[in-house]
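So this block is model_17.txt, compact mmCIF, C-alpha atoms:
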# COMPACT_ATOMS: atom_id res chain seq x y z
CA MET Z 1 45.48 44.62 33.02
CA PRO Z 2 44.85 41.30 31.28
CA PRO Z 3 46.62 41.16 27.94
CA SER Z 4 45.25 41.77 24.46
CA PHE Z 5 46.12 39.82 21.33
CA LEU Z 6 46.87 41.31 17.93
CA LEU Z 7 46.07 39.00 15.02
CA THR Z 8 47.46 39.63 11.54
CA GLU Z 9 46.52 37.89 8.29
CA SER Z 10 49.46 38.33 5.93
CA HIS Z 11 48.84 35.79 3.15
CA GLY Z 12 45.70 37.13 1.48
CA LEU Z 13 43.42 34.35 2.73
CA ALA Z 14 39.96 34.84 4.21
CA ARG Z 15 39.89 33.23 7.65
CA THR Z 16 36.69 31.94 9.23
CA SER Z 17 36.75 30.11 12.58
CA GLU Z 18 40.52 29.94 12.23
CA PRO Z 19 42.33 28.24 15.15
CA VAL Z 20 44.71 30.69 16.83
CA ALA Z 21 47.12 30.11 19.72
CA VAL Z 22 49.03 32.79 21.61
CA THR Z 23 50.98 32.94 24.88
CA ALA Z 24 49.55 35.22 27.58
CA SER Z 25 51.36 36.34 30.73
CA PHE Z 26 50.30 37.96 34.01
CA TYR Z 27 51.86 39.65 37.01
CA PRO Z 28 50.93 38.36 40.48
CA GLU Z 29 48.60 41.31 41.22
CA GLU Z 30 46.53 40.62 38.11
CA PRO Z 31 43.57 38.20 38.16
CA GLN Z 32 44.76 34.67 38.72
CA ALA Z 33 41.35 33.05 38.30
CA ILE Z 34 41.61 32.61 34.55
CA SER Z 35 38.25 30.88 34.53
CA ALA Z 36 36.71 34.22 35.58
CA LEU Z 37 38.12 36.05 32.56
CA VAL Z 38 36.27 36.48 29.30
CA LEU Z 39 37.76 36.81 25.84
CA LEU Z 40 36.22 39.53 23.66
CA ASP Z 41 36.60 40.34 19.99
CA ASP Z 42 36.90 43.90 18.66
CA GLN Z 43 33.09 44.22 18.78
CA ASP Z 44 33.10 43.31 22.51
CA ARG Z 45 31.44 39.98 21.79
CA PRO Z 46 32.46 36.99 23.96
CA VAL Z 47 34.56 34.35 22.21
CA PRO Z 48 35.05 30.71 23.33
CA PHE Z 49 38.62 30.00 24.42
CA GLN Z 50 40.70 27.21 25.87
CA VAL Z 51 43.70 27.50 28.20
CA THR Z 52 46.64 25.09 28.22
CA ASP Z 53 50.21 25.07 29.53
CA LEU Z 54 49.45 27.06 32.68
CA CYS Z 55 52.76 27.65 34.45
CA ASP Z 56 54.34 29.93 37.06
CA ALA Z 57 57.70 31.52 36.27
CA PRO Z 58 59.61 32.55 39.41
CA SER Z 59 61.72 35.65 39.71
CA THR Z 60 65.45 35.05 39.28
CA GLY Z 61 66.58 38.25 40.99
CA PRO Z 62 65.87 41.96 41.57
CA LYS Z 63 65.45 42.76 37.87
CA THR Z 64 62.55 40.35 37.30
CA ARG Z 65 59.16 39.65 38.84
CA PRO Z 66 57.22 36.43 39.31
CA ALA Z 67 54.81 35.77 36.47
CA ARG Z 68 52.20 33.32 35.34
CA HIS Z 69 51.80 32.37 31.71
CA CYS Z 70 49.57 30.12 29.65
CA ARG Z 71 48.67 29.28 26.09
CA VAL Z 72 45.32 30.67 24.90
CA HIS Z 73 43.46 28.97 22.03
CA PHE Z 74 40.43 30.42 20.25
CA LEU Z 75 38.75 30.65 16.84
CA ALA Z 76 39.10 33.93 14.94
CA ASP Z 77 37.67 35.56 11.83
CA LEU Z 78 39.90 37.80 9.70
CA PRO Z 79 39.62 39.22 6.18
CA PRO Z 80 42.55 38.85 3.77
CA HIS Z 81 45.48 41.03 4.93
CA GLY Z 82 43.38 42.12 7.92
CA LYS Z 83 44.20 42.85 11.56
CA ARG Z 84 42.01 42.37 14.63
CA ILE Z 85 42.42 42.82 18.37
CA TYR Z 86 41.03 40.22 20.76
CA ARG Z 87 41.28 41.01 24.45
CA TRP Z 88 40.82 39.37 27.76
CA ALA Z 89 38.64 41.22 30.22
CA PHE Z 90 37.80 40.79 33.90
CA PRO Z 91 34.15 41.75 34.49
CA GLU Z 92 33.83 44.13 37.42
CA GLY Z 93 30.78 43.69 39.60
CA GLN Z 94 28.72 41.91 36.98
CA GLU Z 95 28.36 38.45 35.55
CA ALA Z 96 29.93 38.14 32.14
CA GLU Z 97 27.84 37.15 29.16
CA PRO Z 98 28.73 33.51 28.35
CA PRO Z 99 30.49 32.89 25.04
CA PRO Z 100 28.62 30.98 22.33
CA GLN Z 101 29.07 27.22 22.28
CA THR Z 102 31.23 25.62 19.63
CA ASP Z 103 30.22 22.64 17.53
CA LEU Z 104 32.84 20.34 19.09
CA ARG Z 105 31.32 17.26 20.72
CA ILE Z 106 33.25 14.63 22.69
CA LEU Z 107 31.45 11.43 23.69
CA GLY Z 108 32.76 8.46 25.66
CA LYS Z 109 35.43 7.72 28.23
CA GLY Z 110 39.10 6.81 28.17
CA LEU Z 111 40.18 5.94 24.64
CA SER Z 112 36.68 4.79 23.66
CA LEU Z 113 35.75 8.17 22.21
CA SER Z 114 33.70 9.64 19.40
CA LEU Z 115 34.44 13.19 18.26
CA GLU Z 116 32.45 15.38 15.92
CA ASN Z 117 31.90 18.88 14.60
CA GLN Z 118 29.74 20.23 11.81
CA HIS Z 119 32.00 18.79 9.10
CA ILE Z 120 33.32 15.45 10.25
CA GLY Z 121 33.12 12.77 12.90
CA LEU Z 122 35.64 10.20 13.96
CA SER Z 123 35.88 7.34 16.41
CA LEU Z 124 38.94 5.99 18.20
CA ASP Z 125 39.94 2.40 18.77
CA PRO Z 126 39.17 1.83 22.47
CA ALA Z 127 42.23 -0.37 22.97
CA THR Z 128 44.93 1.86 21.43
CA GLY Z 129 43.45 5.27 20.54
CA GLN Z 130 44.20 4.92 16.81
CA ILE Z 131 41.60 6.38 14.47
CA PHE Z 132 38.98 3.71 13.83
CA SER Z 133 36.63 5.45 11.39
CA PHE Z 134 36.01 8.80 9.68
CA THR Z 135 32.59 10.23 8.87
CA CYS Z 136 32.10 12.87 6.19
CA LYS Z 137 28.93 14.50 7.52
CA GLU Z 138 28.46 16.62 4.41
CA ALA Z 139 28.31 13.45 2.29
CA GLY Z 140 26.50 11.36 4.90
CA LEU Z 141 29.18 8.71 4.60
CA THR Z 142 31.31 6.81 7.13
CA LEU Z 143 34.66 5.64 5.79
CA ASP Z 144 35.86 2.46 7.44
CA SER Z 145 38.80 0.12 7.15
CA PRO Z 146 39.65 -3.58 7.46
CA ARG Z 147 41.19 -2.67 10.83
CA THR Z 148 41.75 0.81 12.21
CA GLU Z 149 42.25 3.53 9.61
CA ASN Z 150 45.55 4.95 10.89
CA TRP Z 151 48.25 2.25 10.75
CA GLU Z 152 51.48 4.17 11.30
CA PRO Z 153 54.18 5.14 12.20
CA ASP Z 154 55.75 1.70 12.04
CA SER Z 155 58.99 -0.15 11.29
CA PHE Z 156 59.84 -3.46 9.65
CA ASP Z 157 62.53 -6.11 9.81
CA PRO Z 158 61.61 -9.49 8.26
CA ASN Z 159 62.99 -11.26 11.35
CA ARG Z 160 61.17 -9.08 13.90
CA GLY Z 161 57.86 -8.51 12.16
CA TRP Z 162 55.81 -5.45 11.28
CA PRO Z 163 53.80 -4.37 14.34
CA LYS Z 164 51.47 -1.37 14.12
CA PRO Z 165 50.26 1.12 16.72
CA PHE Z 166 46.81 -0.48 16.45
CA ASP Z 167 48.19 -3.60 18.16
CA TRP Z 168 50.11 -1.73 20.83
CA HIS Z 169 50.35 -4.60 23.32
CA GLU Z 170 51.92 -2.47 26.04
CA GLN Z 171 49.75 0.59 26.56
CA PRO Z 172 51.54 3.85 25.77
CA LYS Z 173 51.55 6.83 28.08
CA VAL Z 174 48.39 8.83 27.30
CA THR Z 175 47.41 12.45 28.01
CA PHE Z 176 44.31 14.39 26.98
CA GLU Z 177 43.36 18.03 26.42
CA LYS Z 178 39.62 18.72 26.25
CA GLY Z 179 37.88 22.04 25.77
CA PRO Z 180 35.48 24.00 23.58
CA VAL Z 181 38.15 24.80 20.96
CA PHE Z 182 39.91 21.46 20.48
CA PHE Z 183 40.38 17.92 21.72
CA GLN Z 184 43.91 16.51 21.82
CA LEU Z 185 45.18 12.99 22.41
CA TYR Z 186 48.92 12.47 22.93
CA ARG Z 187 50.52 9.03 23.21
CA VAL Z 188 54.14 8.00 23.64
CA GLY Z 189 55.69 4.56 23.86
CA SER Z 190 57.52 1.77 22.03
CA LEU Z 191 56.14 -1.19 20.14
CA SER Z 192 57.20 -4.43 21.83
CA ALA Z 193 59.23 -5.72 18.86
CA TYR Z 194 61.23 -2.46 18.58
CA PRO Z 195 62.22 -1.16 22.03
CA GLU Z 196 64.97 0.92 20.34
CA ILE Z 197 62.31 3.21 18.82
CA THR Z 198 60.02 5.60 20.69
CA LEU Z 199 56.86 6.79 18.95
CA HIS Z 200 55.09 10.05 19.77
CA LEU Z 201 51.60 10.46 18.26
CA THR Z 202 49.34 13.49 18.66
CA TYR Z 203 45.80 13.91 17.33
CA ARG Z 204 44.23 17.37 17.55
CA PHE Z 205 40.59 17.83 16.53
CA TYR Z 206 39.22 21.39 16.32
CA ALA Z 207 35.75 22.83 16.43
CA ALA Z 208 34.48 24.01 13.01
CA ALA Z 209 37.39 22.40 11.11
CA PRO Z 210 37.04 19.86 8.26
CA TYR Z 211 40.30 18.15 9.25
CA LEU Z 212 42.20 16.33 11.98
CA ARG Z 213 45.75 17.49 12.71
CA VAL Z 214 48.27 14.70 13.30
CA ASN Z 215 51.80 15.10 14.63
CA THR Z 216 54.24 12.20 14.76
CA LEU Z 217 57.76 12.04 16.10
CA ILE Z 218 59.97 8.95 15.80
CA GLU Z 219 63.02 8.75 18.09
CA ILE Z 220 65.78 6.24 17.39
CA ASN Z 221 67.34 5.51 20.78
CA GLU Z 222 69.81 2.82 19.64
CA ASP Z 223 71.21 1.84 16.25
CA VAL Z 224 68.58 -0.39 14.70
CA PRO Z 225 68.74 -2.20 11.31
CA LEU Z 226 65.49 -1.78 9.38
CA ALA Z 227 64.04 -2.65 6.00
CA CYS Z 228 61.37 -0.02 6.40
CA LEU Z 229 60.43 3.01 8.52
CA ARG Z 230 57.12 4.56 7.48
CA ASN Z 231 54.69 7.27 8.43
CA GLU Z 232 51.33 8.72 7.39
CA GLU Z 233 49.45 5.59 6.44
CA PHE Z 234 45.66 5.70 6.21
CA VAL Z 235 43.84 2.55 5.11
CA PHE Z 236 40.32 2.42 3.64
CA ARG Z 237 38.13 -0.18 2.03
CA GLU Z 238 38.69 -0.02 -1.70
CA SER Z 239 34.94 0.12 -2.30
CA HIS Z 240 34.79 3.68 -0.93
CA PHE Z 241 36.82 5.28 -3.73
CA THR Z 242 37.43 5.26 -7.47
CA TYR Z 243 40.37 7.67 -7.91
CA LEU Z 244 43.76 8.47 -6.47
CA VAL Z 245 44.34 12.24 -6.44
CA TRP Z 246 47.28 14.42 -5.43
CA GLN Z 247 48.65 17.94 -5.76
CA GLU Z 248 52.17 18.29 -7.06
CA SER Z 249 54.58 20.81 -5.53
CA ASP Z 250 54.04 23.05 -8.58
CA GLY Z 251 50.31 23.29 -7.80
CA ARG Z 252 48.97 20.89 -10.45
CA ILE Z 253 46.22 18.52 -9.29
CA LEU Z 254 46.54 15.07 -10.85
CA SER Z 255 44.35 12.00 -10.58
CA ARG Z 256 44.33 8.41 -11.76
CA PRO Z 257 41.48 5.85 -11.75
CA LEU Z 258 42.24 3.19 -9.17
CA ALA Z 259 41.08 0.52 -11.60
CA GLU Z 260 43.93 1.51 -13.93
CA LEU Z 261 46.59 1.23 -11.22
CA PRO Z 262 47.66 -2.40 -10.93
CA PRO Z 263 50.42 -3.04 -8.41
CA VAL Z 264 53.80 -2.29 -9.95
CA GLN Z 265 55.45 -5.12 -8.01
CA ARG Z 266 54.55 -7.83 -5.58
CA HIS Z 267 54.67 -5.60 -2.48
CA GLY Z 268 51.57 -3.75 -3.66
CA GLU Z 269 52.79 -0.28 -4.63
CA ALA Z 270 50.51 1.08 -7.38
CA LEU Z 271 51.92 4.58 -7.79
CA LYS Z 272 54.85 6.55 -6.40
CA VAL Z 273 54.81 10.36 -6.26
CA SER Z 274 57.29 12.92 -5.00
CA ALA Z 275 57.96 13.31 -1.29
CA GLU Z 276 57.31 17.02 -1.85
CA THR Z 277 53.70 16.36 -2.86
CA ALA Z 278 51.48 18.87 -1.04
CA TRP Z 279 48.67 16.40 -0.44
CA THR Z 280 47.64 12.89 -1.42
CA GLY Z 281 44.23 11.29 -1.21
CA PHE Z 282 41.38 9.22 -2.58
CA ALA Z 283 38.15 10.39 -4.18
CA ASP Z 284 34.80 9.30 -5.58
CA PRO Z 285 34.05 12.20 -7.96
CA LEU Z 286 30.80 10.65 -9.16
CA ASN Z 287 29.36 10.79 -5.65
CA GLY Z 288 31.15 14.01 -4.70
CA TYR Z 289 33.43 13.16 -1.79
CA ALA Z 290 37.16 12.79 -1.12
CA VAL Z 291 39.73 12.45 1.67
CA ALA Z 292 43.35 13.63 1.66
CA ALA Z 293 46.45 13.87 3.83
CA LEU Z 294 47.89 17.38 3.72
CA LYS Z 295 51.64 17.40 4.34
CA LEU Z 296 52.33 20.47 6.47
CA SER Z 297 55.90 19.88 7.59
CA SER Z 298 58.58 17.22 7.74
CA THR Z 299 62.01 17.35 9.33
CA SER Z 300 64.72 14.91 10.35
CA PHE Z 301 67.95 15.42 12.28
CA ASN Z 302 70.37 13.63 14.58
CA ARG Z 303 70.95 14.94 18.10
CA PHE Z 304 74.53 13.62 18.10
CA GLY Z 305 75.56 14.92 14.69
CA ARG Z 306 75.50 11.47 13.11
CA PRO Z 307 74.03 10.78 9.67
CA VAL Z 308 70.24 10.70 9.43
CA ARG Z 309 69.37 7.77 7.22
CA LEU Z 310 66.71 8.25 4.53
CA ARG Z 311 66.12 5.85 1.65
CA ASN Z 312 63.47 6.21 -1.07
CA PRO Z 313 61.34 8.80 0.78
CA ALA Z 314 58.20 9.37 -1.26
CA ALA Z 315 54.41 9.10 -1.17
CA TYR Z 316 53.06 5.74 -2.25
CA CYS Z 317 49.59 4.53 -3.13
CA MET Z 318 49.08 0.88 -2.20
CA LYS Z 319 46.48 -1.72 -3.16
CA ALA Z 320 46.62 -4.45 -0.53
CA GLU Z 321 44.64 -7.52 -1.54
CA THR Z 322 45.55 -9.22 1.74
CA VAL Z 323 43.37 -6.73 3.66
CA ASN Z 324 41.01 -5.76 0.82
CA GLY Z 325 42.04 -2.14 1.22
CA ILE Z 326 43.78 0.82 -0.33
CA TYR Z 327 46.08 3.23 1.42
CA TRP Z 328 48.72 5.85 1.02
CA SER Z 329 52.00 5.88 2.92
CA ARG Z 330 55.04 8.13 3.22
CA PRO Z 331 58.12 5.99 3.93
CA LEU Z 332 61.29 7.46 5.39
CA ILE Z 333 63.37 4.33 4.94
CA TYR Z 334 62.22 1.94 2.21
CA TRP Z 335 63.78 -0.94 0.35
CA PRO Z 336 65.11 -0.29 -3.18
CA GLN Z 337 62.56 -0.89 -5.91
CA PRO Z 338 62.09 -3.61 -6.99
CA ALA Z 339 63.97 -5.67 -4.44
CA LYS Z 340 63.60 -8.28 -1.79
CA ARG Z 341 62.98 -7.12 1.74
CA ASP Z 342 66.24 -8.57 3.03
CA LYS Z 343 68.47 -5.51 2.53
CA LEU Z 344 68.50 -3.57 5.81
CA LEU Z 345 69.66 -0.03 6.58
CA VAL Z 346 70.78 1.13 10.03
CA ALA Z 347 68.70 3.94 11.52
CA THR Z 348 71.26 5.71 13.70
CA ALA Z 349 70.87 6.39 17.42
CA GLY Z 350 69.94 9.99 18.05
CA SER Z 351 67.95 10.33 14.83
CA VAL Z 352 64.59 12.10 15.06
CA TYR Z 353 61.93 12.07 12.33
CA ALA Z 354 59.09 14.56 12.88
CA GLU Z 355 56.09 15.20 10.64
CA GLU Z 356 52.90 17.21 10.82
CA SER Z 357 49.87 16.47 8.66
CA ALA Z 358 46.17 17.19 8.46
CA TYR Z 359 43.63 14.60 7.35
CA CYS Z 360 40.90 16.47 5.54
CA LEU Z 361 37.46 15.47 4.22
CA ALA Z 362 35.65 17.22 1.38
CA ALA Z 363 32.23 16.87 -0.23
CA VAL Z 364 30.15 18.82 -2.72
CA PRO Z 365 26.47 18.35 -3.62
CA VAL Z 366 25.72 15.98 -6.47
CA ARG Z 367 22.70 17.10 -8.48
CA THR Z 368 22.35 16.05 -12.10
CA ALA Z 369 26.02 15.53 -12.95
CA PRO Z 370 29.28 14.74 -11.17
CA PRO Z 371 30.91 17.86 -9.70
CA ALA Z 372 33.91 19.41 -11.38
CA PRO Z 373 37.16 18.14 -9.82
CA ASP Z 374 38.24 21.71 -9.04
CA ALA Z 375 35.15 22.15 -6.85
CA LEU Z 376 35.71 18.88 -5.02
CA TYR Z 377 39.41 19.41 -4.34
CA ALA Z 378 39.25 23.16 -3.56
CA ARG Z 379 38.94 22.43 0.16
CA PHE Z 380 42.24 20.55 0.17
CA THR Z 381 44.20 23.32 -1.55
CA GLU Z 382 42.57 26.05 0.56
CA THR Z 383 43.05 24.18 3.84
CA PHE Z 384 46.65 23.38 2.94
CA GLU Z 385 47.38 27.10 2.41
CA ARG Z 386 45.63 28.11 5.62
CA LEU Z 387 47.50 25.59 7.74
CA ARG Z 388 50.89 26.15 6.13
CA TYR Z 389 50.53 29.92 6.70
CA PRO Z 390 48.75 30.41 10.03
CA VAL Z 391 47.49 33.71 11.38
CA GLU Z 392 50.19 35.65 13.22
CA ALA Z 393 49.25 36.23 16.86
CA GLU Z 394 51.09 38.26 19.50
CA GLU Z 395 50.42 39.59 22.97
CA VAL Z 396 50.24 43.39 23.09
CA ASP Z 397 49.50 46.09 25.67
CA ALA Z 398 45.79 46.75 26.06

Write the structure described by the file as structure tokens, please.
Amino acid sequence: MPPSFLLTESHGLARTSEPVAVTASFYPEEPQAISALVLLDDQDRPVPFQVTDLCDAPSTGPKTRPARHCRVHFLADLPPHGKRIYRWAFPEGQEAEPPPQTDLRILGKGLSLSLENQHIGLSLDPATGQIFSFTCKEAGLTLDSPRTENWEPDSFDPNRGWPKPFDWHEQPKVTFEKGPVFFQLYRVGSLSAYPEITLHLTYRFYAAAPYLRVNTLIEINEDVPLACLRNEEFVFRESHFTYLVWQESDGRILSRPLAELPPVQRHGEALKVSAETAWTGFADPLNGYAVAALKLSSTSFNRFGRPVRLRNPAAYCMKAETVNGIYWSRPLIYWPQPAKRDKLLVATAGSVYAEESAYCLAAVPVRTAPPAPDALYARFTETFERLRYPVEAEEVDA
């Protein structure tokens, strides 16, 4: 029989339209036409799902059997500390009731795409696939940038320049995943000035979610001297926002007016906060909207057992007059402060820097007075908890 999936919520969080992924496996005699299967919740209602990573596993001898497996993605609802069974079914002799449509919309071709759901919209740069603009549908506002909005990961040596993925002159390798549950864009390649470094960038945009998930992986293939190696940079026009806001690792939410944050030195840094900051963003409390980068995970290691070089890792808020913009960034290697940019550090061959973030938009209605900050930023803290502690999902016997 097709498998069933047991979902468990173990962190006391109410889950609505929560993205879930679980591996399913079949024997050869079971239905192979996965498109003919339906996914049902515990009330026998059809649920939209998306299949990826379809693969056949051969038998290796008399104690095993050939099998087919895949990854199943769907949106689930669970109460705090709740359990639910979702199951695949193969309708016998009757046409299955179609699942409801999701709110995910994908328009365009190639990299010239616009994506939207009920909460947010975004457009991609048609030349490189970097995020070009964000739209907060709940606030009726499109956030734009002097260039694209996502400028990293990147690296810098004063003699080799500071290229960005938005001017990727040699097109990276690109793959797509499209379905009713999520859209995913994966790109891998090297910037022309730094062939020693391979960049992996993944955007995943879900139905019903007020965020975009972003995964980056930086591979150092040869020893390379650098002044800077950075990640998680989003750039906006300064006119969109009035406050910098962040949540410390102890849970406190802090904010500072941007007008009171002059650059602390000539490179433009206005404020430095801990690398363990849960999320960092910009807000306009008077008009009731905000955007933040939620830091979900970060790891670095060296495949050859060599040192992994980190210098001044932190989250920085920048005010860049040269592009009339503001942005946050999370460097991995950064020059000492304050210092010239001529002191390089060798990133060692075999080093891997991997990070996972979510870029989240929030808005609350503005009536007669500005909303309380707690109401505006509640989405960031709630979404951070939900994504850091996902629903547990496992395949079980029907």

For range 266-320 of chain Z versus range 250-260 of chain Z, which residues have an atom no more than 10 Å away, and what is each residue's nearest atom pair and distance in Å rounded to one decimal, using only C-alpha atoms, chain-then-number order, as JSON lines?
{"residue": "Z:Ala270", "atom": "CA", "partner": "Z:Leu258", "partner_atom": "CA", "distance": 8.7}
{"residue": "Z:Leu271", "atom": "CA", "partner": "Z:Arg256", "partner_atom": "CA", "distance": 9.4}
{"residue": "Z:Glu276", "atom": "CA", "partner": "Z:Asp250", "partner_atom": "CA", "distance": 9.6}
{"residue": "Z:Thr277", "atom": "CA", "partner": "Z:Asp250", "partner_atom": "CA", "distance": 8.8}
{"residue": "Z:Ala278", "atom": "CA", "partner": "Z:Gly251", "partner_atom": "CA", "distance": 8.2}
{"residue": "Z:Trp279", "atom": "CA", "partner": "Z:Ile253", "partner_atom": "CA", "distance": 9.4}
{"residue": "Z:Thr280", "atom": "CA", "partner": "Z:Leu254", "partner_atom": "CA", "distance": 9.7}
{"residue": "Z:Gly281", "atom": "CA", "partner": "Z:Ser255", "partner_atom": "CA", "distance": 9.4}
{"residue": "Z:Phe282", "atom": "CA", "partner": "Z:Leu258", "partner_atom": "CA", "distance": 9.0}
{"residue": "Z:Ala283", "atom": "CA", "partner": "Z:Ser255", "partner_atom": "CA", "distance": 9.1}
{"residue": "Z:Asp284", "atom": "CA", "partner": "Z:Pro257", "partner_atom": "CA", "distance": 9.7}
{"residue": "Z:Cys317", "atom": "CA", "partner": "Z:Leu258", "partner_atom": "CA", "distance": 9.6}
{"residue": "Z:Lys319", "atom": "CA", "partner": "Z:Leu258", "partner_atom": "CA", "distance": 8.8}

Query raised in the report: For Met318 in chain Z, which residue out of Z:Phe134, Z:Phe166, Z:Phe156, Z:Phe236 is the nearest one, using all atoms listed in the file?
Result: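 Using all atoms listed in the file, the shortest distance to Met318 in chain Z belongs to Z:Phe236.
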
Report task. Rank Z:Val51, Z:Leu286, Z:Leu78, Z:Leu37 by their smallest atom-to-atom distance to His11 in chain Z, using only C-alpha atoms, and report the top residue only. Result -> Z:Leu78

Requested in this report: Excluding Leu229 in chain Z and residues on its chain fewer than 3 positions from it, collect all residues at most 7 Å away from it, counting all atoms listed in the file, and give them as an MDAnalysis selection string.
Outcome: chainID Z and resid 154:156 331:334

Would you save the residues of that selection, restricted to C-alpha atoms, as a PDB file, in the frame of the given file?
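Result file is result.pdb:
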ATOM      1  CA  ASP Z 154      55.750   1.700  12.040  1.00  0.00           C
ATOM      2  CA  SER Z 155      58.990  -0.150  11.290  1.00  0.00           C
ATOM      3  CA  PHE Z 156      59.840  -3.460   9.650  1.00  0.00           C
ATOM      4  CA  PRO Z 331      58.120   5.990   3.930  1.00  0.00           C
ATOM      5  CA  LEU Z 332      61.290   7.460   5.390  1.00  0.00           C
ATOM      6  CA  ILE Z 333      63.370   4.330   4.940  1.00  0.00           C
ATOM      7  CA  TYR Z 334      62.220   1.940   2.210  1.00  0.00           C
TER       8      TYR Z 334
END

Report task. Point out the residue among Z:Val346, Z:Ala315, Z:Ile326, Z:Ala227 with the least atom-to-atom distance to Leu261 in chain Z, counting only C-alpha atoms. Result ->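 Counting only C-alpha atoms, the residue closest to Leu261 in chain Z is Z:Ile326.
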
Requested in this report: Using CA of Glu177 in chain Z and CA of Ser297 in chain Z as the two end points, give the distance in Å to one decimal.
Outcome: 22.7 Å
